[in-house]
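Okay, final_39.csv is below, CSV, C-alpha atoms and all ligand atoms:
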```csv
chain,number,residue,atom,x,y,z
A,1,MET,CA,0.0,0.0,0.0
A,2,GLN,CA,1.3,3.4,-1.0
A,3,THR,CA,1.0,6.2,1.6
A,4,PHE,CA,-1.1,9.3,0.8
A,5,GLY,CA,2.1,11.4,0.9
A,6,ALA,CA,3.7,9.2,-1.8
A,7,ARG,CA,0.6,9.2,-3.9
A,8,LEU,CA,0.3,13.0,-3.6
A,9,ARG,CA,4.0,13.6,-4.4
A,10,ARG,CA,3.6,11.5,-7.6
A,11,ALA,CA,0.4,13.2,-8.6
A,12,ILE,CA,2.1,16.6,-8.2
A,13,GLU,CA,5.0,15.5,-10.3
A,14,GLU,CA,2.8,14.1,-13.0
A,15,ARG,CA,0.1,16.8,-13.1
A,16,GLY,CA,1.5,19.9,-11.3
A,17,PRO,CA,1.1,21.6,-8.0
A,18,LEU,CA,-2.5,22.5,-7.9
A,19,CYS,CA,-5.7,21.7,-6.0
A,20,VAL,CA,-9.0,22.7,-7.5
A,21,GLY,CA,-11.8,23.3,-5.1
A,22,VAL,CA,-15.3,22.1,-6.0
A,23,ASP,CA,-17.5,24.7,-4.3
A,24,PRO,CA,-20.9,24.8,-5.9
A,25,HIS,CA,-22.0,28.1,-4.5
A,26,PRO,CA,-25.7,29.0,-5.3
A,27,SER,CA,-24.4,32.1,-7.2
A,28,LEU,CA,-22.1,29.9,-9.4
A,29,LEU,CA,-24.9,27.5,-10.1
A,30,ARG,CA,-27.1,30.4,-11.3
A,31,ALA,CA,-24.2,31.9,-13.3
A,32,TRP,CA,-23.8,28.6,-15.1
A,33,GLY,CA,-27.5,28.6,-15.9
A,34,LEU,CA,-28.4,25.9,-13.4
A,35,ARG,CA,-31.0,25.7,-10.7
A,36,ASP,CA,-29.9,25.7,-7.1
A,37,ASP,CA,-31.2,22.2,-6.5
A,38,PRO,CA,-29.8,18.7,-6.5
A,39,ASP,CA,-30.0,18.3,-10.2
A,40,GLY,CA,-28.2,21.6,-10.8
A,41,LEU,CA,-25.5,20.5,-8.3
A,42,ALA,CA,-25.1,17.1,-10.1
A,43,THR,CA,-24.7,18.8,-13.5
A,44,PHE,CA,-22.2,21.4,-12.1
A,45,CYS,CA,-20.0,18.7,-10.5
A,46,ALA,CA,-20.1,16.4,-13.5
A,47,THR,CA,-19.0,19.3,-15.7
A,48,VAL,CA,-16.1,20.2,-13.5
A,49,ALA,CA,-15.0,16.5,-13.3
A,50,GLU,CA,-15.2,16.2,-17.1
A,51,ALA,CA,-13.3,19.4,-17.7
A,52,VAL,CA,-10.4,19.1,-15.2
A,53,GLY,CA,-10.5,15.7,-13.6
A,54,ASP,CA,-7.7,14.3,-15.7
A,55,ALA,CA,-5.6,17.5,-15.5
A,56,VAL,CA,-5.2,18.2,-11.7
A,57,ALA,CA,-3.3,16.4,-9.0
A,58,ILE,CA,-6.0,16.7,-6.4
A,59,VAL,CA,-9.5,18.2,-6.1
A,60,LYS,CA,-11.2,19.5,-2.9
A,61,PRO,CA,-15.0,19.2,-2.8
A,62,GLN,CA,-16.4,21.5,-0.1
A,63,SER,CA,-18.8,19.3,1.8
A,64,ALA,CA,-21.0,22.2,3.0
A,65,PHE,CA,-22.2,22.9,-0.5
A,66,PHE,CA,-23.4,19.3,-0.9
A,67,GLU,CA,-24.8,19.0,2.6
A,68,ARG,CA,-27.1,22.0,2.0
A,69,HIS,CA,-29.0,19.9,-0.6
A,70,GLY,CA,-29.8,17.2,2.0
A,71,SER,CA,-29.6,13.5,1.2
A,72,ARG,CA,-29.5,14.1,-2.6
A,73,GLY,CA,-26.6,16.4,-2.1
A,74,ILE,CA,-24.7,13.7,-0.2
A,75,ALA,CA,-25.6,11.2,-3.0
A,76,THR,CA,-24.1,13.7,-5.5
A,77,LEU,CA,-21.0,14.1,-3.3
A,78,GLU,CA,-20.6,10.3,-3.5
A,79,SER,CA,-20.9,10.3,-7.3
A,80,THR,CA,-18.6,13.3,-7.6
A,81,ILE,CA,-15.9,11.6,-5.6
A,82,ARG,CA,-16.2,8.6,-7.9
A,83,GLN,CA,-16.1,10.7,-11.1
A,84,PHE,CA,-12.9,12.5,-10.0
A,85,LYS,CA,-11.3,9.2,-8.9
A,86,ASP,CA,-12.1,7.6,-12.2
A,87,ALA,CA,-10.4,10.6,-13.9
A,88,GLY,CA,-7.2,9.9,-11.9
A,89,ALA,CA,-7.4,12.8,-9.4
A,90,LEU,CA,-6.9,12.4,-5.7
A,91,VAL,CA,-9.8,13.6,-3.6
A,92,LEU,CA,-9.4,15.8,-0.5
A,93,LEU,CA,-12.8,16.3,1.1
A,94,ASP,CA,-13.0,19.7,2.8
A,95,VAL,CA,-15.2,18.8,5.7
A,96,LYS,CA,-13.2,20.3,8.7
A,97,ARG,CA,-14.3,17.7,11.2
A,98,GLY,CA,-13.1,17.6,14.9
A,99,ASP,CA,-14.7,16.3,18.1
A,100,ILE,CA,-14.0,14.2,21.2
A,101,GLY,CA,-11.9,11.2,20.2
A,102,SER,CA,-14.7,8.6,20.3
A,103,THR,CA,-16.7,10.7,17.8
A,104,VAL,CA,-13.7,11.4,15.7
A,105,ARG,CA,-13.4,7.7,15.2
A,106,ALA,CA,-16.8,7.7,13.5
A,107,TYR,CA,-15.7,10.5,11.2
A,108,ALA,CA,-12.6,8.5,10.4
A,109,ASP,CA,-14.8,5.5,9.5
A,110,ALA,CA,-17.0,7.8,7.4
A,111,TYR,CA,-14.3,9.3,5.2
A,112,LEU,CA,-11.0,7.3,5.6
A,113,ASP,CA,-12.2,3.7,5.7
A,114,PRO,CA,-12.3,2.2,2.2
A,115,SER,CA,-15.6,0.4,3.0
A,116,SER,CA,-17.4,3.7,3.4
A,117,PRO,CA,-19.5,5.2,0.5
A,118,LEU,CA,-17.9,8.6,1.2
A,119,TYR,CA,-14.3,7.2,1.3
A,120,VAL,CA,-11.8,9.8,0.0
A,121,ASP,CA,-8.0,10.1,-0.1
A,122,ALA,CA,-7.8,12.7,2.5
A,123,ILE,CA,-9.9,15.1,4.6
A,124,THR,CA,-9.5,18.4,6.4
A,125,ALA,CA,-9.8,18.4,10.2
A,126,SER,CA,-10.1,21.1,12.9
A,127,PRO,CA,-7.7,20.8,15.9
A,128,TYR,CA,-9.5,23.0,18.3
A,129,LEU,CA,-10.6,20.2,20.6
A,130,GLY,CA,-6.9,19.4,20.8
A,131,VAL,CA,-4.7,17.8,18.1
A,132,GLY,CA,-4.6,14.6,20.2
A,133,SER,CA,-8.4,14.2,19.8
A,134,LEU,CA,-7.8,13.7,16.1
A,135,ALA,CA,-5.8,10.5,16.7
A,136,PRO,CA,-8.4,8.1,15.4
A,137,MET,CA,-8.3,10.0,12.0
A,138,PHE,CA,-4.5,9.8,12.0
A,139,GLU,CA,-4.6,6.0,12.8
A,140,THR,CA,-7.3,5.2,10.2
A,141,ALA,CA,-5.4,7.3,7.6
A,142,ALA,CA,-2.1,5.6,8.3
A,143,LYS,CA,-3.8,2.2,8.1
A,144,HIS,CA,-5.4,2.7,4.7
A,145,GLY,CA,-2.9,5.1,3.0
A,146,GLY,CA,-5.0,8.2,3.5
A,147,GLY,CA,-4.2,11.7,4.6
A,148,VAL,CA,-5.4,14.4,7.0
A,149,PHE,CA,-4.9,18.2,6.6
A,150,VAL,CA,-5.2,20.0,9.9
A,151,LEU,CA,-6.1,23.7,10.2
A,152,ALA,CA,-3.1,25.7,11.3
A,153,LEU,CA,-3.2,29.3,9.9
A,154,THR,CA,-6.4,29.7,8.1
A,155,SER,CA,-7.0,32.2,5.2
A,156,ASN,CA,-9.9,34.1,6.9
A,157,PRO,CA,-9.3,37.4,8.8
A,158,GLU,CA,-10.8,36.0,12.0
A,159,GLY,CA,-8.3,33.2,12.3
A,160,PRO,CA,-5.3,35.0,13.9
A,161,TYR,CA,-7.3,35.8,17.1
A,162,VAL,CA,-7.3,32.1,17.9
A,163,GLN,CA,-4.3,30.8,16.0
A,164,HIS,CA,-1.8,33.4,17.1
A,165,ALA,CA,-2.8,33.2,20.7
A,166,VAL,CA,0.1,32.1,22.9
A,167,ALA,CA,-0.4,28.9,24.9
A,168,ALA,CA,1.1,28.1,28.4
A,169,ASP,CA,4.3,26.7,26.9
A,170,GLY,CA,5.0,30.0,25.0
A,171,ARG,CA,4.2,28.7,21.6
A,172,THR,CA,1.3,30.0,19.5
A,173,VAL,CA,-1.7,27.7,19.1
A,174,ALA,CA,-0.8,27.5,15.4
A,175,GLN,CA,2.9,26.6,16.1
A,176,ALA,CA,1.7,23.9,18.5
A,177,VAL,CA,-0.4,22.4,15.8
A,178,ILE,CA,2.4,22.7,13.3
A,179,ASP,CA,4.8,20.9,15.7
A,180,GLU,CA,2.4,18.1,16.4
A,181,ILE,CA,1.8,17.4,12.7
A,182,SER,CA,5.6,17.6,12.1
A,183,LEU,CA,6.1,14.9,14.6
A,184,LEU,CA,3.6,12.6,12.9
A,185,ASN,CA,5.5,13.0,9.6
A,186,ARG,CA,8.9,12.4,11.0
A,187,GLY,CA,11.0,10.1,8.7
A,188,ALA,CA,8.3,9.8,6.1
A,189,GLU,CA,9.6,9.8,2.5
A,190,PRO,CA,9.1,11.2,-0.1
A,191,LEU,CA,6.3,13.2,1.7
A,192,GLY,CA,4.4,12.7,4.9
A,193,SER,CA,0.7,12.0,4.8
A,194,PHE,CA,-0.3,14.5,7.5
A,195,GLY,CA,-0.8,18.0,6.1
A,196,LEU,CA,-1.5,21.5,7.3
A,197,VAL,CA,-3.8,24.2,6.1
A,198,VAL,CA,-1.9,27.5,5.8
A,199,GLY,CA,-3.7,30.2,3.9
A,200,ALA,CA,-2.1,32.1,1.0
A,201,THR,CA,-3.4,35.3,2.7
A,202,VAL,CA,-1.8,35.0,6.1
A,203,GLY,CA,1.3,37.0,5.3
A,204,VAL,CA,4.6,36.7,7.1
A,205,THR,CA,3.7,35.4,10.5
A,206,GLY,CA,7.0,34.1,11.9
A,207,HIS,CA,5.7,30.5,12.3
A,208,ASP,CA,8.3,27.8,11.7
A,209,LEU,CA,7.2,25.5,8.9
A,210,SER,CA,10.6,24.1,8.2
A,211,GLY,CA,10.0,20.7,9.9
A,212,VAL,CA,6.5,19.9,8.6
A,213,GLY,CA,7.6,17.1,6.2
A,214,GLY,CA,4.0,16.9,4.8
A,215,PRO,CA,1.9,18.8,2.4
A,216,MET,CA,0.7,22.4,3.1
A,217,LEU,CA,-2.7,23.2,1.5
A,218,ALA,CA,-2.8,26.9,0.6
A,219,PRO,CA,-6.4,28.2,0.1
A,220,GLY,CA,-7.3,31.9,-0.2
A,221,LEU,CA,-6.0,32.4,-3.7
A,222,GLY,CA,-8.1,34.4,-6.2
A,223,ALA,CA,-11.5,35.1,-4.7
A,224,GLN,CA,-10.1,35.8,-1.2
A,225,GLY,CA,-7.3,38.1,-2.6
A,226,GLY,CA,-4.3,35.8,-2.3
A,227,THR,CA,-1.9,35.7,-5.3
A,228,PRO,CA,0.8,33.2,-6.4
A,229,ASP,CA,3.4,35.7,-5.3
A,230,ASP,CA,2.0,35.5,-1.8
A,231,LEU,CA,3.0,31.8,-1.7
A,232,ARG,CA,6.7,32.7,-1.8
A,233,ARG,CA,6.3,35.1,1.0
A,234,VAL,CA,4.1,32.9,3.2
A,235,PHE,CA,6.2,29.7,2.7
A,236,SER,CA,9.6,31.2,2.1
A,237,GLY,CA,12.2,28.4,1.9
A,238,ASN,CA,9.5,25.7,2.5
A,239,VAL,CA,7.8,25.6,-0.9
A,240,SER,CA,8.4,22.1,-2.0
A,241,ALA,CA,5.3,20.7,-0.4
A,242,VAL,CA,2.9,23.6,-0.9
A,243,LEU,CA,-0.4,22.7,-2.6
A,244,PRO,CA,-2.1,25.9,-3.8
A,245,SER,CA,-5.9,25.7,-3.9
A,246,TYR,CA,-8.3,27.7,-6.1
A,247,SER,CA,-12.1,27.3,-6.1
A,248,ARG,CA,-14.2,30.3,-7.3
A,249,GLU,CA,-11.4,31.8,-9.3
A,250,VAL,CA,-11.4,28.7,-11.6
A,251,LEU,CA,-15.0,27.7,-11.3
A,252,GLN,CA,-16.2,31.1,-12.6
A,253,HIS,CA,-15.0,30.1,-16.0
A,254,GLY,CA,-17.6,27.4,-16.4
A,255,PRO,CA,-19.8,25.9,-17.7
A,256,ASP,CA,-17.6,26.0,-20.8
A,257,THR,CA,-15.3,22.9,-20.3
A,258,ALA,CA,-12.5,24.3,-22.5
A,259,ALA,CA,-12.5,27.6,-20.5
A,260,LEU,CA,-12.5,25.7,-17.2
A,261,ARG,CA,-9.6,23.6,-18.3
A,262,ALA,CA,-7.7,26.6,-19.6
A,263,ALA,CA,-8.1,28.4,-16.3
A,264,VAL,CA,-6.6,25.3,-14.5
A,265,ILE,CA,-3.7,25.2,-16.9
A,266,ARG,CA,-3.0,28.9,-16.3
A,267,ALA,CA,-3.3,28.5,-12.5
A,268,GLN,CA,-0.9,25.5,-12.6
A,269,ALA,CA,1.7,27.6,-14.6
A,270,ASP,CA,1.4,30.6,-12.3
A,271,CYS,CA,1.9,28.4,-9.2
A,272,ARG,CA,4.8,26.6,-10.8
A,273,VAL,CA,6.5,29.9,-11.4
A,274,ALA,CA,5.7,31.2,-8.0
A,275,LEU,CA,7.0,28.1,-6.3
A,276,GLY,CA,10.2,28.2,-8.4
A,277,GLY,CA,9.7,24.9,-10.0
A,278,ALA,CA,10.1,23.2,-6.6
A,279,ALA,CA,6.9,21.3,-7.0
A,280,GLY,CA,6.0,19.3,-10.0
B,301,LIG,O1,-8.2,28.4,5.7
B,301,LIG,C1,-9.0,28.0,4.9
B,301,LIG,C2,-9.5,26.7,4.9
B,301,LIG,C3,-10.3,26.3,4.0
B,301,LIG,N1,-10.8,27.1,3.0
B,301,LIG,C4,-11.8,26.6,2.0
B,301,LIG,O2,-11.2,26.7,0.7
B,301,LIG,C5,-12.1,27.1,-0.2
B,301,LIG,C6,-11.7,28.5,-0.8
B,301,LIG,O3,-12.6,28.8,-1.8
B,301,LIG,P1,-12.2,30.1,-2.8
B,301,LIG,O4,-13.4,30.2,-3.7
B,301,LIG,O5,-11.0,29.7,-3.5
B,301,LIG,O6,-12.1,31.3,-1.9
B,301,LIG,C7,-13.5,27.1,0.5
B,301,LIG,O7,-14.0,25.8,0.3
B,301,LIG,C8,-13.1,27.3,1.9
B,301,LIG,O8,-14.0,26.7,2.8
B,301,LIG,C9,-10.4,28.4,3.0
B,301,LIG,O9,-10.8,29.2,2.2
B,301,LIG,N2,-9.5,28.8,4.0
```
Have the structure of the file written as structure tokens, please.
Amino acid sequence: MQTFGARLRRAIEERGPLCVGVDPHPSLLRAWGLRDDPDGLATFCATVAEAVGDAVAIVKPQSAFFERHGSRGIATLESTIRQFKDAGALVLLDVKRGDIGSTVRAYADAYLDPSSPLYVDAITASPYLGVGSLAPMFETAAKHGGGVFVLALTSNPEGPYVQHAVAADGRTVAQAVIDEISLLNRGAEPLGSFGLVVGATVGVTGHDLSGVGGPMLAPGLGAQGGTPDDLRRVFSGNVSAVLPSYSREVLQHGPDTAALRAAVIRAQADCRVALGGAAG
């Protein structure tokens, strides 16, 4: 069994350093001439999968935009995951789960156990009940070759109030998260399976990312104001495992599949230049 880190490293080498977010906002559905209902959602996702599924290393469906359509939305999430996997893309479900350990085990079963209908390659997780409470996700991921991306420095302006707060041991909350994930990745080659979320918008914060050893998902590009140049500033010297992520900036080019694909190719090229050819 290959680890998630190894699979992601290979996918980035073959397809380039880019994650495309699948965020079917109601406004995007309308802009694409679709209804904001489960049928519109299904058409939207199938179009994105057809247009870019064989061109990107990894895609990131945003669970919230499927959940808001109820059980048919979840059914569409299942079929969307399948469509992207069939096209050869890895699937990172942005679901930001976190809870007490016994409940986290159920989330791990739901997303990281291959017998689940919602099984994906990796998920996002929230560490604010303590990184240790996520242990069942880490165990299940390690057992089945999956990955977990833990929120460290998020792209939203409200994040620093919590994440830059200094804990009793003198580290910021974010640095404590970074250090715990770094430990999980220790010795993993060519890339650890436990990632961090570090927004492209966070600026120079002084956090030490040098020992992470795993992928760093960088959302916040495009619609939230982040640019490829920001990646260099935010990740200075630690760019080899950065995974830039675009959602609305790319999706606004649909429903024309050629235009969607062209937007992805442009974003890949911009990110490659910004990361100095270090990834892919
Ligand atoms: O810090 C974070 C963590 C997650 N996100 C998610 O990424 C996408 C961003 O969408 P854009 O359209 O590219 O702004 C969205 O699903 C967020 O929930 C984030 O933005 N920042």
> Which polymer residues have any atom within 7 Å of an atom of range 193-196 of chain A, counting only C-alpha atoms, with same-chain residues fewer than 3 positions away left out, as a ChimeraX atom specification?
Replying inline: /A:3-5,146-152,181,184-185,214-217
>> Distance limit 7 Å, reference ligand LIG 301 (chain B), atoms considered: only C-alpha atoms and all ligand atoms. Which residues make the cut? Give them as a VMD selection string.
In response: chain A and resid 21 23 62 94 151 153 to 156 197 to 199 219 to 224 245 to 249
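Interatomic distance, CA of Gln83 in chain A to CA of Ala46 in chain A: 7.4 Å.
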> Using all atoms listed in the file, which of A:Ser102, A:Ala165, A:Ala11, A:Leu18 sits nearest Leu275 in chain A?
Replying inline: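 For Leu275 in chain A, the nearest of the candidates is A:Leu18.
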> Hey, what's within 12 Å of Leu260 in chain A if we count only C-alpha atoms and toss same-chain stuff fewer than 4 positions away? As a list in words, please?
Replying inline: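 Near neighbours after the sequence-gap exclusion: Val20, Trp32, Phe44, Thr47, Val48, Ala49, Glu50, Ala51, Val52, Gly53, Ala55, Val56, Ser247, Arg248, Glu249, Val250, Leu251, Gln252, His253, Gly254, Pro255, Asp256, Val264, Ile265, Arg266 and Ala267 of chain A.
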>> Quick one: residues within 10 Å of Pro114 in chain A, only C-alpha atoms, excluding same-chain residues fewer than 6 positions away - as a list in words?
In response: Val120, Asp121, Thr140, His144, Gly145 and Gly146 of chain A
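CA of Phe84 in chain A lies 22.9 Å from CA of Ser27 in chain A.
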>> Considering all atoms listed in the file, can you say which of A:Leu77, A:Ala6, A:Ala125, A:Leu118 comes closest to Val95 in chain A?
In response: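 Of A:Leu77, A:Ala6, A:Ala125, A:Leu118, the one nearest Val95 in chain A, counting all atoms listed in the file, is A:Ala125.
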> What gap, in Å, lies between CA of Glu78 in chain A and CA of Val242 in chain A?
Replying inline: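 Going from CA of Glu78 in chain A over to CA of Val242 in chain A covers 27.1 Å.
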> Using all atoms listed in the file, which residue out of A:Ala188, A:Ala75, A:Ala89, A:Cys45 lies closest to Pro117 in chain A?
Replying inline: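 Closest residue, counting all atoms listed in the file: A:Ala75.
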> So, counting all atoms listed in the file, which residue among A:Pro160, A:Arg9, A:Ala141, A:Asp54 is closest to Arg261 in chain A?
Replying inline: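 The shortest atom-to-atom distance to Arg261 in chain A comes from A:Asp54.
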>> I want to know what sits within 12 Å of range 66-70 of chain A, based on only C-alpha atoms, with residues of the same chain fewer than 2 positions away left out; could you give that as a ChimeraX atom specification?
In response: /A:22-26,35-42,44-45,61-64,72-81,93-95
Put those residues in a file: C-alpha atoms, as a JSON list (two decimals), keeping the file's coordinate frame.
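Written out: result_0.json:
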```
[["chain", "number", "residue", "atom", "x", "y", "z"],
["A", 22, "VAL", "CA", -15.30, 22.10, -6.00],
["A", 23, "ASP", "CA", -17.50, 24.70, -4.30],
["A", 24, "PRO", "CA", -20.90, 24.80, -5.90],
["A", 25, "HIS", "CA", -22.00, 28.10, -4.50],
["A", 26, "PRO", "CA", -25.70, 29.00, -5.30],
["A", 35, "ARG", "CA", -31.00, 25.70, -10.70],
["A", 36, "ASP", "CA", -29.90, 25.70, -7.10],
["A", 37, "ASP", "CA", -31.20, 22.20, -6.50],
["A", 38, "PRO", "CA", -29.80, 18.70, -6.50],
["A", 39, "ASP", "CA", -30.00, 18.30, -10.20],
["A", 40, "GLY", "CA", -28.20, 21.60, -10.80],
["A", 41, "LEU", "CA", -25.50, 20.50, -8.30],
["A", 42, "ALA", "CA", -25.10, 17.10, -10.10],
["A", 44, "PHE", "CA", -22.20, 21.40, -12.10],
["A", 45, "CYS", "CA", -20.00, 18.70, -10.50],
["A", 61, "PRO", "CA", -15.00, 19.20, -2.80],
["A", 62, "GLN", "CA", -16.40, 21.50, -0.10],
["A", 63, "SER", "CA", -18.80, 19.30, 1.80],
["A", 64, "ALA", "CA", -21.00, 22.20, 3.00],
["A", 72, "ARG", "CA", -29.50, 14.10, -2.60],
["A", 73, "GLY", "CA", -26.60, 16.40, -2.10],
["A", 74, "ILE", "CA", -24.70, 13.70, -0.20],
["A", 75, "ALA", "CA", -25.60, 11.20, -3.00],
["A", 76, "THR", "CA", -24.10, 13.70, -5.50],
["A", 77, "LEU", "CA", -21.00, 14.10, -3.30],
["A", 78, "GLU", "CA", -20.60, 10.30, -3.50],
["A", 79, "SER", "CA", -20.90, 10.30, -7.30],
["A", 80, "THR", "CA", -18.60, 13.30, -7.60],
["A", 81, "ILE", "CA", -15.90, 11.60, -5.60],
["A", 93, "LEU", "CA", -12.80, 16.30, 1.10],
["A", 94, "ASP", "CA", -13.00, 19.70, 2.80],
["A", 95, "VAL", "CA", -15.20, 18.80, 5.70]]
```
> Closest to Phe235 in chain A among A:Ala269, A:Ala142, A:Ala274, A:Ala258, using all atoms listed in the file?
Replying inline: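 Checking each candidate against Phe235 in chain A, we get A:Ala274 as the closest.
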>> I'd like the contact shell of Pro127 in chain A - 10 Å cut-off, only C-alpha atoms, skipping same-chain residues fewer than 5 positions apart - returned as a VMD selection string.
In response: chain A and resid 96 to 99 132 to 134 150 to 152 173 to 174 177
